Amino acid sequence: MCENYKKSKQEADKIEAEIIEALKEGVNFRVEAGAGSGKTYSLNKVIEWLDSNKKKEFNKNKQNVICITFTNAAVDVIKSRISSDSFIIPSTIHSFVWSAISQYQSTLINLVKDYKKNEDEENIIITKVQYTLGHRYIENSIQYLNHGDVLNLFVEMMKNNKFRKIFTSKYPIILIDEYQDSYKPIIDSFIEYFISQKKGPQFGFFGDSWQTIYQSNNACGKIEHQNIKEIKKVSNFRSAQKIVDFLNLIRPDLPQYSAIDDFEGSIEVITCNDYSGHRRTDSVYSGDLPVEELQTRLNSLISYIKKNKISENETLKTLMITHRILASQQGYDKLLEILGDRLKNNEDEILNFFSGTIEPIYKALSDKNTNLLFDVLGTRNYPINKKSDKNQWIELKNKLENARKQKAIDVINVAIASKIIPVSELIFDIQSKYENSSSDEYLNGASVADYLDIKYDQFMAAIDFLHPESEFSTEHGVKGEEYDNIIFTISKGWNNYKFDIYVPKIINDDLYKNDVAYVRNRNLFYVCCSRPRKRLFIFISPILNNDLKNFLEQNIGAENIYTYKEYIAS
């Protein structure tokens, strides 16, 4: 066994035993798991131990262990590892708290009276409180809750001693994954009523306080209390030595051991201080490269790295600070302007029609893949049975090829005219509104015509971004992910993130750790730098100031810092 892996594995095994011992003792504990240290592995080990040792007891007492995690996808992963009738229940925080309070309808009805804000609602009698789609409205005397309401109602219910006793008897153990992103008022309630008083459920927190990047959502960040045992995971099974060394320099309170033996890794910084042209002066982009220059340099850098720095079978992900900058770089900024969050949440039916129907059909026809065509059409009838069918599909392929070079409406027109592409009523309706010169608003002040007159290549660029194999992502979007190689783009575009100002302060972390802006920048910088397995490329498009330059020289080495032209020519 190689030395790095052997040392890391021994240390990890020791920590896993410590976690299980805390579980056995019934103490509250927090597993502080640095990047790549195997947080999910530890959580799974706890679930396995509980399943093997507590099933009979908990089933007899009709009790459940709750495992709260951040996303539905994470819930599904945990569900796949346990039996369908397990006493361990994985759940998002919203689903869990609603299941805990939903049966107390009379109390909830009294608590939601303040939600009736206008005169019409004042006279409505609420007979039931419900939580389904996460939108707040009243219908048929039912008060529907939004996501925030459910969390806040749980906090209110926690003030009731009887509720807390019932809650404790039903849920003796609560495990919380990605604890640092938990809703702070709920964590504060757990600490006030249970942890500080050494009673109530046993809590196991799993996460990493330096990966708190959702502070705008009232995330709790690091949880500290004398009645919570801290257990640090210090092995890094993801990143090569050079990257782990850098992470240790910026985070000395949680030094890690790299478990990687066969690859040393590398970190290189590419600056744009060699650019002598006019830089942007507009608002949050001040000092950055013009859009076209940023696009050119980044695309050239990606091509150079693929050709000269990495192997063909390795993954490469380019991180950009905001979706707005990414959209500008990739050429779908007008589409993002209209759709906003509906784009990244994949909630627009027109975009979904293009991504789920048009593009797969075009690919199937281009690749002459009749099986894919059959799947997309969702029909039991084979789409090509005779020569005339074949000619019809060839003609459609040619029309789509031409329309895809034009506007969104042109693609819709081809689909409807074909009579062989399945089209929903909404698509027919929006085409009709467009043809009748309707001024109806589509979204965010944009008319139907504004939307459908967007060049179709913007939709194709957005569809590429939505695919998990996309080469680009926002820097927030890769939390919890890992890749062989990362291009971490430091640019302008969001006032909340000013790495040039805040990153150099990391060397004096104790002085600034209560500064919200500093912590926000520090955490995102750490998350981005800790994603790669092999190589980290830091691309800086604004002028590199002296403070950030000195920080990078001290921690990465002056020999690993290049201007763009120096790097491309190397």
# chains A, B, ... in the order shown; residues from 1 in each chain; ligands from 1
>>> residues_around(residues="Ala517 (chain A)", least_positions_apart="2", cutoff="10 Å", atoms="only C-alpha atoms", output="list in words")
Asn496, Tyr497, Lys498, Tyr502, Tyr512, Lys513, Asn514, Asp515, Val519, Arg520, Asn521 and Arg522 of chain A
>>> residues_around(residues="Val527 (chain A)", least_positions_apart="2", cutoff="8 Å", atoms="only C-alpha atoms", output="PyMOL selection string")
chain A and resi 35+210-211+479+523-525+529-531
>>> closest_residue(among="A:Lys505, A:Lys390, A:Lys184, A:Lys229", to="Val31 (chain A)", atoms="only C-alpha atoms")
A:Lys229
>>> closest_residue(among="A:Ile507, A:Ile176, A:Leu316, A:Ala449", to="Val46 (chain A)", atoms="only C-alpha atoms")
A:Ile176
>>> select_by_dssp(residues="region 367-541 of chain A", states="strand (DSSP E)", output="list in words")
Glu441, Tyr442, Leu443, Ala446, Ser447, Phe472, Ser473, Thr474, Tyr483, Asp484, Asn485, Ile486, Ile487, Phe488, Thr489, Ile490, Pro532, Arg533, Lys534, Arg535, Leu536, Phe537, Ile538, Phe539 and Ile540 of chain A
>>> atom_distance(atom1="CA of Phe163 (chain A)", atom2="CA of Gln63 (chain A)")
15.6 Å
>>> residues_around(residues="region 154-162 of chain A", least_positions_apart="2", cutoff="9 Å", atoms="only C-alpha atoms", output="list in words")
Val97, Trp98, Ala100, Ile101, Thr107, Leu108, Leu111, Asp149, Val150, Leu151, Asn152, Arg164, Lys165, Ile166, Phe167, Pro185, Ile186, Ser189, Phe190 and Tyr193 of chain A
>>> closest_atom_pairs(of="region 264-375 of chain A", to="region 434-443 of chain A", cutoff="10 Å", atoms="only C-alpha atoms", output="Markdown table")
| residue | atom | partner | partner_atom | distance |
| --- | --- | --- | --- | --- |
| A:Glu337 | CA | A:Leu443 | CA | 9.6 |
| A:Ile338 | CA | A:Leu443 | CA | 6.1 |
| A:Leu339 | CA | A:Leu443 | CA | 6.6 |
| A:Gly340 | CA | A:Leu443 | CA | 9.0 |
| A:Arg342 | CA | A:Leu443 | CA | 9.8 |
>>> write_last_selection(atoms="all heavy atoms", output="mmCIF file, in the first residue's frame")
data_model
loop_
_atom_site.group_PDB
_atom_site.id
_atom_site.type_symbol
_atom_site.label_atom_id
_atom_site.label_comp_id
_atom_site.auth_asym_id
_atom_site.auth_seq_id
_atom_site.Cartn_x
_atom_site.Cartn_y
_atom_site.Cartn_z
ATOM 1 N N GLU A 337 -31.652 37.133 -19.113
ATOM 2 C CA GLU A 337 -32.286 38.385 -18.683
ATOM 3 C C GLU A 337 -33.799 38.231 -18.587
ATOM 4 O O GLU A 337 -34.429 38.759 -17.671
ATOM 5 C CB GLU A 337 -31.926 39.488 -19.686
ATOM 6 C CG GLU A 337 -32.501 40.855 -19.355
ATOM 7 C CD GLU A 337 -32.180 41.879 -20.426
ATOM 8 O OE1 GLU A 337 -31.071 41.818 -21.002
ATOM 9 O OE2 GLU A 337 -33.043 42.726 -20.713
ATOM 10 N N ILE A 338 -34.382 37.489 -19.525
ATOM 11 C CA ILE A 338 -35.835 37.302 -19.532
ATOM 12 C C ILE A 338 -36.268 36.227 -18.541
ATOM 13 O O ILE A 338 -37.217 36.407 -17.773
ATOM 14 C CB ILE A 338 -36.327 36.961 -20.948
ATOM 15 C CG1 ILE A 338 -36.135 38.167 -21.877
ATOM 16 C CG2 ILE A 338 -37.802 36.538 -20.938
ATOM 17 C CD1 ILE A 338 -36.478 37.907 -23.328
ATOM 18 N N LEU A 339 -35.574 35.108 -18.531
ATOM 19 C CA LEU A 339 -36.010 33.969 -17.712
ATOM 20 C C LEU A 339 -35.561 34.045 -16.264
ATOM 21 O O LEU A 339 -36.215 33.501 -15.379
ATOM 22 C CB LEU A 339 -35.518 32.653 -18.330
ATOM 23 C CG LEU A 339 -36.098 32.269 -19.687
ATOM 24 C CD1 LEU A 339 -35.576 30.904 -20.110
ATOM 25 C CD2 LEU A 339 -37.620 32.260 -19.648
ATOM 26 N N GLY A 340 -34.413 34.670 -15.996
ATOM 27 C CA GLY A 340 -33.911 34.734 -14.632
ATOM 28 C C GLY A 340 -33.699 33.339 -14.054
ATOM 29 O O GLY A 340 -33.156 32.448 -14.717
ATOM 30 N N ARG A 342 -35.725 31.010 -13.657
ATOM 31 C CA ARG A 342 -36.432 29.949 -14.378
ATOM 32 C C ARG A 342 -35.502 29.212 -15.333
ATOM 33 O O ARG A 342 -35.744 28.048 -15.669
ATOM 34 C CB ARG A 342 -37.613 30.537 -15.162
ATOM 35 C CG ARG A 342 -38.774 30.955 -14.286
ATOM 36 C CD ARG A 342 -39.824 31.673 -15.110
ATOM 37 N NE ARG A 342 -40.439 30.777 -16.090
ATOM 38 C CZ ARG A 342 -41.489 30.028 -15.860
ATOM 39 N NH1 ARG A 342 -42.059 30.055 -14.662
ATOM 40 N NH2 ARG A 342 -42.003 29.257 -16.797
#
>>> closest_residue(among="A:Tyr41, A:Tyr562, A:Phe263, A:Phe428", to="Ile15 (chain A)", atoms="only C-alpha atoms")
A:Tyr41
>>> closest_residue(among="A:Lys317, A:His225, A:Lys232, A:Arg280", to="Lys14 (chain A)", atoms="only C-alpha atoms")
A:Lys232
